[in-house]
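Worksheet: the structure to be examined is printed underneath.
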Amino acid sequence: MNNSYVINNAIKFSPADNKLFFLNGTADAITLNHPASLCFLELIRKQGEIITQQDFMNEIWHKNGKYVTANTYYQNICLLRKCLKKTGLDENTIVTVPRKGLMLPRSVEIKILPVASADPLNHMEGRLAACSQPEPTIGNAPTEVASPGIKPAAEQPFSDSPGVKPCALIQGTQRKKAMLKFPHAGWKRYKTSFLFTLLFFFDFIITIKVFP
């Protein structure tokens, strides 16, 4: 449905727009109604095959939950023929096979234009938009720079390996060092009181011996 079709190097049929475009640009595009556009698309897809009236009605209407009469089918085929005639195509572009159905003969040259080829400007804009997207990052580093298996600092697991000391381990080590330094620090703090106490003790003993 998204493809476009060039017919006899003169007309481009765009099912997405329901329009027939003149490749030489001599006239405005011709707009088909949606059912007529779907009928023409079905003829193109099954070029060289006979499509019965019932096949058309099943594919275009019944398949989409719409039940119409044969008159609706004939009206849309008639409209399609008139629009093709306005483009300058031969009246026998759509061939009627008596008591069987319709067919688009293989003598009609059909070229398929995919979406990218039919509208190269949109295709190029899509590529430019894709190139302008920012690269995904891990933390503050580009994805390509981040080495596999290395997690951001916030996600690194607890480790007590040499050279790697988490905060809890460092704090515990500092507390142990403080405890080891405590006796030395206490001796400096209480040295003067201890000396006075010792002198008082010796003075008391000497006083007892001298004055019994």
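Each chain in the structure tokens gets a letter, A, B, ..., in the order shown, and its residues are numbered from 1; ligands are numbered from 1 in order too.
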Requested in this report: Determine, counting only C-alpha atoms, which protein, DNA and RNA residues have an atom within 12 Å of an atom of Lys82 (chain A); residues of the same chain fewer than 4 positions away are not included. Present the result as an MDAnalysis selection string.
Outcome: chainID A and resid 30:32 36 75:78 86:94
Query raised in the report: Which residues, written as a ChimeraX atom specification, have at least one atom at most 8 Å from Glu49 (chain A), with only C-alpha atoms counted and residues fewer than 3 positions away on the same chain left out?
Result: /A:46,103-105
Query raised in the report: When distances are computed from only C-alpha atoms, which of A:Val108, A:Leu79, A:Ile50, A:Val68 shows the smallest separation from Thr96 (chain A)?
Result: A:Ile50
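Considering only region 45-109 of chain A, backbone DSSP assigns strand (DSSP E) to A:Val95, A:Thr96, A:Val97, A:Gly101, A:Leu102, A:Met103.
Between Leu43 (chain A) and the candidates A:Leu113, A:Thr192, A:Arg106, A:Thr197, the tightest atom-to-atom separation, counting only C-alpha atoms, involves A:Arg106.
Residue nearest Gly48 (chain A) within the list A:Gly65, A:Gly25, A:Pro35, A:Gly101: A:Gly101 [criterion: smallest interatomic distance, only C-alpha atoms].
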